[in-house]
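structure09.txt, holding compact mmCIF, C-alpha atoms:
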# COMPACT_ATOMS: atom_id res chain seq x y z
CA ALA A 27 -2.38 17.34 6.74
CA GLN A 28 -4.33 15.58 4.04
CA ARG A 29 -2.17 13.87 1.49
CA VAL A 30 -2.59 11.70 -1.56
CA THR A 31 0.16 9.38 -2.72
CA GLN A 32 0.38 7.80 -6.13
CA PRO A 33 3.52 5.69 -5.95
CA GLU A 34 3.90 5.08 -9.68
CA LYS A 35 4.86 7.97 -11.94
CA LEU A 36 4.71 5.77 -15.01
CA LEU A 37 2.84 2.57 -15.71
CA SER A 38 3.03 0.61 -18.94
CA VAL A 39 0.88 -2.39 -19.85
CA PHE A 40 -0.11 -4.24 -22.98
CA LYS A 41 -3.56 -4.05 -24.50
CA GLY A 42 -5.86 -6.59 -22.91
CA ALA A 43 -3.83 -6.87 -19.72
CA PRO A 44 -5.27 -5.90 -16.33
CA VAL A 45 -4.23 -2.56 -14.95
CA GLU A 46 -4.20 -1.16 -11.42
CA LEU A 47 -3.25 2.41 -10.59
CA LYS A 48 -2.46 2.77 -6.92
CA CYS A 49 -3.64 5.56 -4.66
CA ASN A 50 -3.14 5.91 -0.92
CA TYR A 51 -4.32 8.76 1.21
CA SER A 52 -3.77 10.14 4.67
CA TYR A 53 -6.78 11.54 6.46
CA SER A 54 -8.20 10.40 9.77
CA GLY A 55 -11.83 11.25 9.09
CA SER A 56 -14.22 10.25 6.33
CA PRO A 57 -12.74 11.27 3.01
CA GLU A 58 -14.27 11.57 -0.38
CA LEU A 59 -12.07 10.13 -3.11
CA PHE A 60 -12.00 10.81 -6.81
CA TRP A 61 -10.13 9.74 -9.91
CA TYR A 62 -9.54 12.35 -12.60
CA VAL A 63 -8.15 11.63 -16.06
CA GLN A 64 -6.39 13.84 -18.58
CA TYR A 65 -6.17 12.50 -22.13
CA SER A 66 -3.61 13.97 -24.48
CA ARG A 67 -4.45 17.61 -25.30
CA GLN A 68 -7.70 17.49 -23.35
CA ARG A 69 -8.79 19.04 -20.11
CA LEU A 70 -8.92 17.17 -16.83
CA GLN A 71 -12.19 15.40 -16.31
CA LEU A 72 -13.75 13.36 -13.57
CA LEU A 73 -13.50 9.62 -14.13
CA LEU A 74 -15.27 8.39 -11.03
CA ARG A 75 -15.89 9.13 -7.35
CA HIS A 76 -16.14 6.59 -4.59
CA ILE A 77 -19.58 7.57 -3.32
CA SER A 78 -21.10 6.80 -6.72
CA ARG A 79 -19.77 3.23 -6.70
CA GLU A 80 -19.98 3.26 -10.47
CA SER A 81 -17.95 1.83 -13.30
CA ILE A 82 -16.85 4.27 -15.98
CA LYS A 83 -15.17 3.07 -19.19
CA GLY A 84 -14.62 -0.27 -17.47
CA PHE A 85 -12.75 1.28 -14.54
CA THR A 86 -13.70 0.69 -10.93
CA ALA A 87 -12.25 1.85 -7.65
CA ASP A 88 -13.08 0.74 -4.13
CA LEU A 89 -12.38 2.78 -1.04
CA ASN A 90 -10.53 0.67 1.52
CA LYS A 91 -10.53 2.61 4.76
CA GLY A 92 -8.43 0.01 6.56
CA GLU A 93 -5.63 0.34 4.04
CA THR A 94 -6.45 4.01 3.27
CA SER A 95 -6.40 3.18 -0.41
CA PHE A 96 -8.50 3.93 -3.48
CA HIS A 97 -6.86 1.96 -6.25
CA LEU A 98 -8.19 2.25 -9.81
CA LYS A 99 -8.62 -1.02 -11.69
CA LYS A 100 -9.58 -2.23 -15.12
CA PRO A 101 -9.55 -5.91 -16.10
CA PHE A 102 -8.66 -5.40 -19.77
CA ALA A 103 -6.76 -2.24 -20.71
CA GLN A 104 -7.37 -0.55 -24.07
CA GLU A 105 -5.03 1.72 -26.02
CA GLU A 106 -7.44 4.62 -25.57
CA ASP A 107 -6.93 4.35 -21.81
CA SER A 108 -3.48 5.87 -22.23
CA ALA A 109 -3.60 9.09 -20.24
CA MET A 110 -2.54 10.84 -17.07
CA TYR A 111 -4.53 9.74 -14.02
CA TYR A 112 -4.87 11.73 -10.82
CA CYS A 113 -6.27 10.54 -7.54
CA ALA A 114 -7.84 13.30 -5.43
CA LEU A 115 -9.17 13.70 -1.91
CA SER A 116 -11.77 15.97 -0.38
CA TRP A 117 -12.79 16.09 3.27
CA GLY A 118 -15.35 17.39 5.72
CA GLY A 119 -17.42 19.27 3.16
CA SER A 120 -14.37 21.21 2.02
CA GLU A 121 -14.51 22.92 -1.33
CA LYS A 122 -10.91 21.96 -1.96
CA LEU A 123 -9.43 18.89 -3.58
CA VAL A 124 -5.93 17.64 -2.85
CA PHE A 125 -4.40 15.81 -5.79
CA GLY A 126 -1.75 13.15 -6.02
CA LYS A 127 1.20 13.65 -8.34
CA GLY A 128 -0.37 11.57 -11.05
CA THR A 129 0.39 8.34 -12.90
CA LYS A 130 0.98 8.30 -16.62
CA LEU A 131 -0.55 5.15 -18.05
CA THR A 132 0.60 3.86 -21.41
CA VAL A 133 -1.23 0.96 -23.01
CA ASN A 134 0.87 -0.63 -25.71
CA PRO A 135 -0.64 -2.46 -28.70
CA ASN B 14 -21.93 24.63 -23.84
CA ALA B 15 -18.71 26.41 -22.79
CA GLY B 16 -18.30 25.28 -19.15
CA VAL B 17 -15.05 26.80 -17.87
CA THR B 18 -13.20 29.10 -20.24
CA GLN B 19 -9.63 30.24 -19.70
CA THR B 20 -7.66 32.86 -21.59
CA PRO B 21 -5.03 33.00 -22.90
CA LYS B 22 -4.11 29.44 -23.88
CA PHE B 23 -0.42 30.24 -24.18
CA GLN B 24 1.74 33.05 -22.84
CA VAL B 25 5.44 33.83 -22.72
CA LEU B 26 6.66 36.41 -20.23
CA LYS B 27 9.98 37.88 -19.30
CA THR B 28 11.05 37.80 -15.67
CA GLY B 29 9.48 40.71 -13.83
CA GLN B 30 6.57 41.20 -16.21
CA SER B 31 3.02 41.04 -14.94
CA MET B 32 -0.06 39.44 -16.39
CA THR B 33 -3.55 38.29 -15.52
CA LEU B 34 -5.04 34.92 -16.39
CA GLN B 35 -8.76 35.07 -16.95
CA CYS B 36 -11.32 32.44 -16.09
CA ALA B 37 -15.07 32.40 -16.53
CA GLN B 38 -17.71 29.73 -15.94
CA ASP B 39 -21.27 29.65 -17.15
CA MET B 40 -22.61 26.92 -14.86
CA ASN B 41 -23.69 29.22 -12.03
CA HIS B 42 -21.17 27.55 -9.73
CA ASN B 43 -20.33 29.07 -6.38
CA SER B 44 -16.77 27.82 -6.02
CA MET B 45 -13.83 28.50 -8.29
CA TYR B 46 -10.20 27.45 -8.10
CA TRP B 47 -6.77 28.03 -9.60
CA TYR B 48 -4.34 25.12 -9.79
CA ARG B 49 -0.92 24.80 -11.29
CA GLN B 50 0.29 21.58 -12.88
CA ASP B 51 3.99 20.74 -12.90
CA PRO B 52 5.69 17.51 -14.02
CA GLY B 53 6.19 15.21 -11.08
CA MET B 54 4.25 17.53 -8.77
CA GLY B 55 0.70 16.91 -9.86
CA LEU B 56 -1.86 19.67 -9.38
CA ARG B 57 -1.39 22.12 -6.56
CA LEU B 58 -4.01 24.58 -5.41
CA ILE B 59 -2.95 28.22 -5.64
CA TYR B 60 -6.10 30.04 -4.52
CA TYR B 61 -9.78 29.32 -4.36
CA SER B 62 -13.00 31.19 -3.93
CA ALA B 63 -15.89 29.51 -2.14
CA SER B 64 -18.34 32.21 -3.17
CA GLU B 65 -18.52 35.61 -4.76
CA GLY B 66 -16.57 38.09 -2.70
CA THR B 67 -14.39 35.57 -0.86
CA THR B 68 -10.96 34.19 -1.65
CA ASP B 69 -8.60 31.93 0.28
CA LYS B 70 -5.04 30.75 -0.09
CA GLY B 71 -4.31 27.26 -1.22
CA GLU B 72 -1.12 25.27 -1.03
CA VAL B 73 1.14 27.52 -3.15
CA PRO B 74 -0.17 31.12 -3.09
CA ASN B 75 3.14 33.01 -3.01
CA GLY B 76 3.67 35.25 -6.01
CA TYR B 77 0.00 35.27 -6.99
CA ASN B 78 -3.09 37.34 -6.36
CA VAL B 79 -6.69 36.60 -7.29
CA SER B 80 -9.91 38.48 -7.81
CA ARG B 81 -13.41 37.05 -7.74
CA LEU B 82 -14.91 39.73 -9.91
CA ASN B 83 -18.41 38.26 -9.83
CA LYS B 84 -19.96 34.85 -9.66
CA ARG B 85 -18.78 33.98 -13.17
CA GLU B 86 -15.21 35.25 -13.18
CA PHE B 87 -12.09 34.43 -11.17
CA SER B 88 -8.79 35.91 -12.32
CA LEU B 89 -5.22 35.05 -11.33
CA ARG B 90 -2.56 37.74 -11.40
CA LEU B 91 1.20 37.44 -11.46
CA GLU B 92 2.57 40.82 -10.38
CA SER B 93 6.23 40.08 -11.11
CA ALA B 94 6.68 36.81 -12.97
CA ALA B 95 9.54 34.48 -12.08
CA PRO B 96 10.90 31.45 -13.96
CA SER B 97 9.59 29.24 -11.11
CA GLN B 98 6.10 30.21 -12.21
CA THR B 99 6.54 28.48 -15.55
CA SER B 100 3.71 25.97 -15.44
CA VAL B 101 0.34 24.98 -16.81
CA TYR B 102 -2.45 26.77 -14.98
CA PHE B 103 -5.93 25.34 -14.64
CA CYS B 104 -9.04 27.07 -13.52
CA ALA B 105 -11.89 24.97 -12.17
CA SER B 106 -15.34 25.42 -10.71
CA SER B 107 -17.69 23.35 -8.62
CA GLY B 108 -21.26 23.46 -7.39
CA ASN B 109 -22.87 24.24 -4.07
CA ARG B 110 -20.72 24.96 -1.06
CA GLY B 111 -20.20 21.86 1.02
CA SER B 112 -21.65 19.56 -1.58
CA ASN B 113 -18.28 18.35 -2.86
CA GLU B 114 -19.60 18.20 -6.36
CA LYS B 115 -17.03 17.37 -8.94
CA LEU B 116 -14.68 19.96 -10.32
CA PHE B 117 -15.06 21.17 -13.88
CA PHE B 118 -11.76 22.21 -15.39
CA GLY B 119 -10.81 24.70 -18.05
CA SER B 120 -8.46 23.70 -20.85
CA GLY B 121 -5.44 25.31 -19.22
CA THR B 122 -2.98 28.14 -19.81
CA GLN B 123 0.59 27.21 -20.63
CA LEU B 124 2.82 29.93 -19.20
CA SER B 125 6.55 30.24 -19.79
CA VAL B 126 8.62 32.79 -17.88
CA LEU B 127 12.03 33.43 -19.38

Render the structure in this file as structure tokens.
Amino acid sequence: AQRVTQPEKLLSVFKGAPVELKCNYSYSGSPELFWYVQYSRQRLQLLLRHISRESIKGFTADLNKGETSFHLKKPFAQEEDSAMYYCALSWGGSEKLVFGKGTKLTVNP
Amino acid sequence: NAGVTQTPKFQVLKTGQSMTLQCAQDMNHNSMYWYRQDPGMGLRLIYYSASEGTTDKGEVPNGYNVSRLNKREFSLRLESAAPSQTSVYFCASSGNRGSNEKLFFGSGTQLSVL
């Protein structure tokens, strides 16, 4: 079965420090990977998806099929990046997304 | 520009009571979903509807029923609420079938079952 693992429940960094939120997946075919973010008291929203190969709010994520990973990175964290981050997987044209359990990022001043 | 609208935002039920969570989207999306969000569990898919008139079970369907009333609306019903159903419920929608367009989420319904 398809699965997404986010090994860190909580991650705390200082402002200006690099941050990496880990995501590993299990799927033997060609997956589509996403990062969703939920800021305090706001709805979940898409941060980025791997097929777009874009950088949003300074975040990037590269799909590594060899390591089955899709880690989210930002070189210099900001306090406004504090939020809950979810990695998600879709496959084979499925309408469904499977989510990881989420990582709560706190950026301290 | 409403997007996905869920009602109610908050609800408290007693064990055994029933209720329906409403969801509507105005983006002409084919697919709609119900997820529940629990601490340490992430988001888990309850039911989804790939198109009007079709519904399918997700990962955690037990204790729930859904209705895809029309293209806009997708409701989630708890027939006999249990404390284990205390959660935050999110409705979402997405575009064309098979396109894997991103999900648009509602703002959530916080449900407590006493």

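Pairwise distance (CA of Ser120 in chain A, CA of Tyr46 in chain B) equals 12.6 Å.
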
Based on all atoms listed in the file, which of the residues in chain B come within 10 Å of chain A? I want them as a PDB file with C-alpha atoms, keeping the file's coordinate frame.
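The resulting file, out-v4.pdb, is reproduced below:
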ATOM      1  CA  ASN B  43     -20.330  29.070  -6.380  1.00  0.00           C
ATOM      2  CA  SER B  44     -16.770  27.820  -6.020  1.00  0.00           C
ATOM      3  CA  MET B  45     -13.830  28.500  -8.290  1.00  0.00           C
ATOM      4  CA  TYR B  46     -10.200  27.450  -8.100  1.00  0.00           C
ATOM      5  CA  GLN B  50       0.290  21.580 -12.880  1.00  0.00           C
ATOM      6  CA  ASP B  51       3.990  20.740 -12.900  1.00  0.00           C
ATOM      7  CA  PRO B  52       5.690  17.510 -14.020  1.00  0.00           C
ATOM      8  CA  GLY B  53       6.190  15.210 -11.080  1.00  0.00           C
ATOM      9  CA  MET B  54       4.250  17.530  -8.770  1.00  0.00           C
ATOM     10  CA  GLY B  55       0.700  16.910  -9.860  1.00  0.00           C
ATOM     11  CA  LEU B  56      -1.860  19.670  -9.380  1.00  0.00           C
ATOM     12  CA  ARG B  57      -1.390  22.120  -6.560  1.00  0.00           C
ATOM     13  CA  LEU B  58      -4.010  24.580  -5.410  1.00  0.00           C
ATOM     14  CA  TYR B  60      -6.100  30.040  -4.520  1.00  0.00           C
ATOM     15  CA  TYR B  61      -9.780  29.320  -4.360  1.00  0.00           C
ATOM     16  CA  SER B  62     -13.000  31.190  -3.930  1.00  0.00           C
ATOM     17  CA  ALA B  63     -15.890  29.510  -2.140  1.00  0.00           C
ATOM     18  CA  GLY B  71      -4.310  27.260  -1.220  1.00  0.00           C
ATOM     19  CA  GLU B  72      -1.120  25.270  -1.030  1.00  0.00           C
ATOM     20  CA  PHE B 103      -5.930  25.340 -14.640  1.00  0.00           C
ATOM     21  CA  ALA B 105     -11.890  24.970 -12.170  1.00  0.00           C
ATOM     22  CA  SER B 106     -15.340  25.420 -10.710  1.00  0.00           C
ATOM     23  CA  SER B 107     -17.690  23.350  -8.620  1.00  0.00           C
ATOM     24  CA  GLY B 108     -21.260  23.460  -7.390  1.00  0.00           C
ATOM     25  CA  ASN B 109     -22.870  24.240  -4.070  1.00  0.00           C
ATOM     26  CA  ARG B 110     -20.720  24.960  -1.060  1.00  0.00           C
ATOM     27  CA  GLY B 111     -20.200  21.860   1.020  1.00  0.00           C
ATOM     28  CA  SER B 112     -21.650  19.560  -1.580  1.00  0.00           C
ATOM     29  CA  ASN B 113     -18.280  18.350  -2.860  1.00  0.00           C
ATOM     30  CA  GLU B 114     -19.600  18.200  -6.360  1.00  0.00           C
ATOM     31  CA  LYS B 115     -17.030  17.370  -8.940  1.00  0.00           C
ATOM     32  CA  LEU B 116     -14.680  19.960 -10.320  1.00  0.00           C
ATOM     33  CA  PHE B 117     -15.060  21.170 -13.880  1.00  0.00           C
ATOM     34  CA  PHE B 118     -11.760  22.210 -15.390  1.00  0.00           C
ATOM     35  CA  GLY B 119     -10.810  24.700 -18.050  1.00  0.00           C
ATOM     36  CA  SER B 120      -8.460  23.700 -20.850  1.00  0.00           C
ATOM     37  CA  GLY B 121      -5.440  25.310 -19.220  1.00  0.00           C
TER      38      GLY B 121
END

Review point. With distances taken over all atoms listed in the file, which of A:Glu105, A:Ala87, A:Leu115, A:Leu131 is nearest to Lys41 in chain A?
Key: A:Glu105

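When CA of Arg90 in chain B is paired with CA of Asn75 in chain B, their separation reads 11.2 Å.
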
Point to revise | Residue contacts of Val101 in chain B (6 Å, all atoms listed in the file) excluding same-chain residues fewer than 5 positions away, as a list in words | key: Arg49, Gln50, Thr122 and Gln123 of chain B

Review point. Can you tell me, as a list in words, what residues are no more than 12 Å from Glu106 in chain A when counting all atoms listed in the file, ignoring any on the same chain fewer than 4 positions away?
Key: Phe40, Lys41, Gly42, Val63, Gln64, Tyr65, Ser66, Lys83, Gly84, Phe102, Met110, Leu131, Thr132, Val133, Asn134 and Pro135 of chain A

Study note, to complete from the structure: Atom pair CA of Asp88 in chain A + CA of Tyr51 in chain A, distance 13.0 Å

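Distance annotation: of A:Val45, A:Ile82, A:Ala109, A:Ser52, the residue with the minimal separation from Ala27 in chain A is A:Ser52; atom set is all atoms listed in the file.
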
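Checking B:Gln38, B:Thr28, B:Thr33, B:Asn83 one by one against Ser97 in chain B, counting only C-alpha atoms, you find the shortest gap at B:Thr28.
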
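Take the candidates A:Ser54, A:Leu89, A:Pro44, A:Lys100 and check each one against Arg29 in chain A using all atoms listed in the file; the shortest distance goes to A:Ser54.
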
Could you add the missing atoms to range 38-73 of chain B, up to N, CA and C atoms, and return them as an mmCIF file, keeping the file's coordinate frame?
data_model
loop_
_atom_site.group_PDB
_atom_site.id
_atom_site.type_symbol
_atom_site.label_atom_id
_atom_site.label_comp_id
_atom_site.auth_asym_id
_atom_site.auth_seq_id
_atom_site.Cartn_x
_atom_site.Cartn_y
_atom_site.Cartn_z
ATOM 1 N N GLN B 38 -16.872 30.939 -15.850
ATOM 2 C CA GLN B 38 -17.710 29.730 -15.940
ATOM 3 C C GLN B 38 -19.158 30.150 -16.101
ATOM 4 N N ASP B 39 -19.879 29.327 -16.852
ATOM 5 C CA ASP B 39 -21.270 29.650 -17.150
ATOM 6 C C ASP B 39 -22.226 28.620 -16.551
ATOM 7 N N MET B 40 -21.803 27.971 -15.471
ATOM 8 C CA MET B 40 -22.610 26.920 -14.860
ATOM 9 C C MET B 40 -23.252 27.377 -13.549
ATOM 10 N N ASN B 41 -23.127 28.661 -13.251
ATOM 11 C CA ASN B 41 -23.690 29.220 -12.030
ATOM 12 C C ASN B 41 -23.098 28.568 -10.767
ATOM 13 N N HIS B 42 -21.824 28.179 -10.866
ATOM 14 C CA HIS B 42 -21.170 27.550 -9.730
ATOM 15 C C HIS B 42 -20.728 28.577 -8.697
ATOM 16 N N ASN B 43 -20.781 28.178 -7.435
ATOM 17 C CA ASN B 43 -20.330 29.070 -6.380
ATOM 18 C C ASN B 43 -18.813 29.092 -6.242
ATOM 19 N N SER B 44 -18.198 27.929 -6.331
ATOM 20 C CA SER B 44 -16.770 27.820 -6.020
ATOM 21 C C SER B 44 -15.913 27.795 -7.278
ATOM 22 N N MET B 45 -14.791 28.488 -7.188
ATOM 23 C CA MET B 45 -13.830 28.500 -8.290
ATOM 24 C C MET B 45 -12.418 28.365 -7.739
ATOM 25 N N TYR B 46 -11.523 27.835 -8.566
ATOM 26 C CA TYR B 46 -10.200 27.450 -8.100
ATOM 27 C C TYR B 46 -9.150 27.764 -9.177
ATOM 28 N N TRP B 47 -7.926 27.984 -8.709
ATOM 29 C CA TRP B 47 -6.770 28.030 -9.600
ATOM 30 C C TRP B 47 -5.756 26.993 -9.117
ATOM 31 N N TYR B 48 -5.372 26.121 -10.047
ATOM 32 C CA TYR B 48 -4.340 25.120 -9.790
ATOM 33 C C TYR B 48 -3.194 25.351 -10.764
ATOM 34 N N ARG B 49 -2.021 24.889 -10.350
ATOM 35 C CA ARG B 49 -0.920 24.800 -11.290
ATOM 36 C C ARG B 49 -0.486 23.339 -11.400
ATOM 37 N N GLN B 50 -0.091 22.959 -12.609
ATOM 38 C CA GLN B 50 0.290 21.580 -12.880
ATOM 39 C C GLN B 50 1.742 21.560 -13.324
ATOM 40 N N ASP B 51 2.571 20.848 -12.586
ATOM 41 C CA ASP B 51 3.990 20.740 -12.900
ATOM 42 C C ASP B 51 4.382 19.278 -12.987
ATOM 43 N N PRO B 52 5.268 18.920 -13.890
ATOM 44 C CA PRO B 52 5.690 17.510 -14.020
ATOM 45 C C PRO B 52 6.225 16.987 -12.694
ATOM 46 N N GLY B 53 5.726 15.831 -12.315
ATOM 47 C CA GLY B 53 6.190 15.210 -11.080
ATOM 48 C C GLY B 53 5.611 15.803 -9.808
ATOM 49 N N MET B 54 4.826 16.869 -9.956
ATOM 50 C CA MET B 54 4.250 17.530 -8.770
ATOM 51 C C MET B 54 2.737 17.429 -8.735
ATOM 52 N N GLY B 55 2.148 16.997 -9.813
ATOM 53 C CA GLY B 55 0.700 16.910 -9.860
ATOM 54 C C GLY B 55 0.059 18.285 -9.933
ATOM 55 N N LEU B 56 -1.145 18.399 -9.421
ATOM 56 C CA LEU B 56 -1.860 19.670 -9.380
ATOM 57 C C LEU B 56 -1.798 20.221 -7.966
ATOM 58 N N ARG B 57 -1.446 21.474 -7.868
ATOM 59 C CA ARG B 57 -1.390 22.120 -6.560
ATOM 60 C C ARG B 57 -2.273 23.360 -6.565
ATOM 61 N N LEU B 58 -3.040 23.495 -5.504
ATOM 62 C CA LEU B 58 -4.010 24.580 -5.410
ATOM 63 C C LEU B 58 -3.304 25.887 -5.069
ATOM 64 N N ILE B 59 -3.565 26.906 -5.866
ATOM 65 C CA ILE B 59 -2.950 28.220 -5.640
ATOM 66 C C ILE B 59 -3.882 29.061 -4.748
ATOM 67 N N TYR B 60 -5.071 29.291 -5.236
ATOM 68 C CA TYR B 60 -6.100 30.040 -4.520
ATOM 69 C C TYR B 60 -7.448 29.433 -4.872
ATOM 70 N N TYR B 61 -8.423 29.692 -4.013
ATOM 71 C CA TYR B 61 -9.780 29.320 -4.360
ATOM 72 C C TYR B 61 -10.743 30.353 -3.817
ATOM 73 N N SER B 62 -11.955 30.269 -4.337
ATOM 74 C CA SER B 62 -13.000 31.190 -3.930
ATOM 75 C C SER B 62 -14.275 30.376 -3.707
ATOM 76 N N ALA B 63 -14.719 30.326 -2.460
ATOM 77 C CA ALA B 63 -15.890 29.510 -2.140
ATOM 78 C C ALA B 63 -17.192 30.182 -2.576
ATOM 79 N N SER B 64 -17.149 31.487 -2.714
ATOM 80 C CA SER B 64 -18.340 32.210 -3.170
ATOM 81 C C SER B 64 -17.911 33.593 -3.628
ATOM 82 N N GLU B 65 -18.805 34.259 -4.295
ATOM 83 C CA GLU B 65 -18.520 35.610 -4.760
ATOM 84 C C GLU B 65 -18.116 36.489 -3.583
ATOM 85 N N GLY B 66 -17.011 37.180 -3.733
ATOM 86 C CA GLY B 66 -16.570 38.090 -2.700
ATOM 87 C C GLY B 66 -15.608 37.490 -1.701
ATOM 88 N N THR B 67 -15.328 36.200 -1.786
ATOM 89 C CA THR B 67 -14.390 35.570 -0.860
ATOM 90 C C THR B 67 -13.290 34.861 -1.632
ATOM 91 N N THR B 68 -12.082 34.942 -1.091
ATOM 92 C CA THR B 68 -10.960 34.190 -1.650
ATOM 93 C C THR B 68 -10.105 33.668 -0.510
ATOM 94 N N ASP B 69 -9.459 32.536 -0.734
ATOM 95 C CA ASP B 69 -8.600 31.930 0.280
ATOM 96 C C ASP B 69 -7.367 31.334 -0.370
ATOM 97 N N LYS B 70 -6.290 31.318 0.419
ATOM 98 C CA LYS B 70 -5.040 30.750 -0.090
ATOM 99 C C LYS B 70 -5.129 29.228 -0.138
ATOM 100 N N GLY B 71 -4.450 28.694 -1.136
ATOM 101 C CA GLY B 71 -4.310 27.260 -1.220
ATOM 102 C C GLY B 71 -2.936 26.832 -0.758
ATOM 103 N N GLU B 72 -2.395 25.847 -1.430
ATOM 104 C CA GLU B 72 -1.120 25.270 -1.030
ATOM 105 C C GLU B 72 0.083 26.115 -1.440
ATOM 106 N N VAL B 73 -0.009 26.787 -2.608
ATOM 107 C CA VAL B 73 1.140 27.520 -3.150
ATOM 108 C C VAL B 73 0.742 28.917 -3.603
#
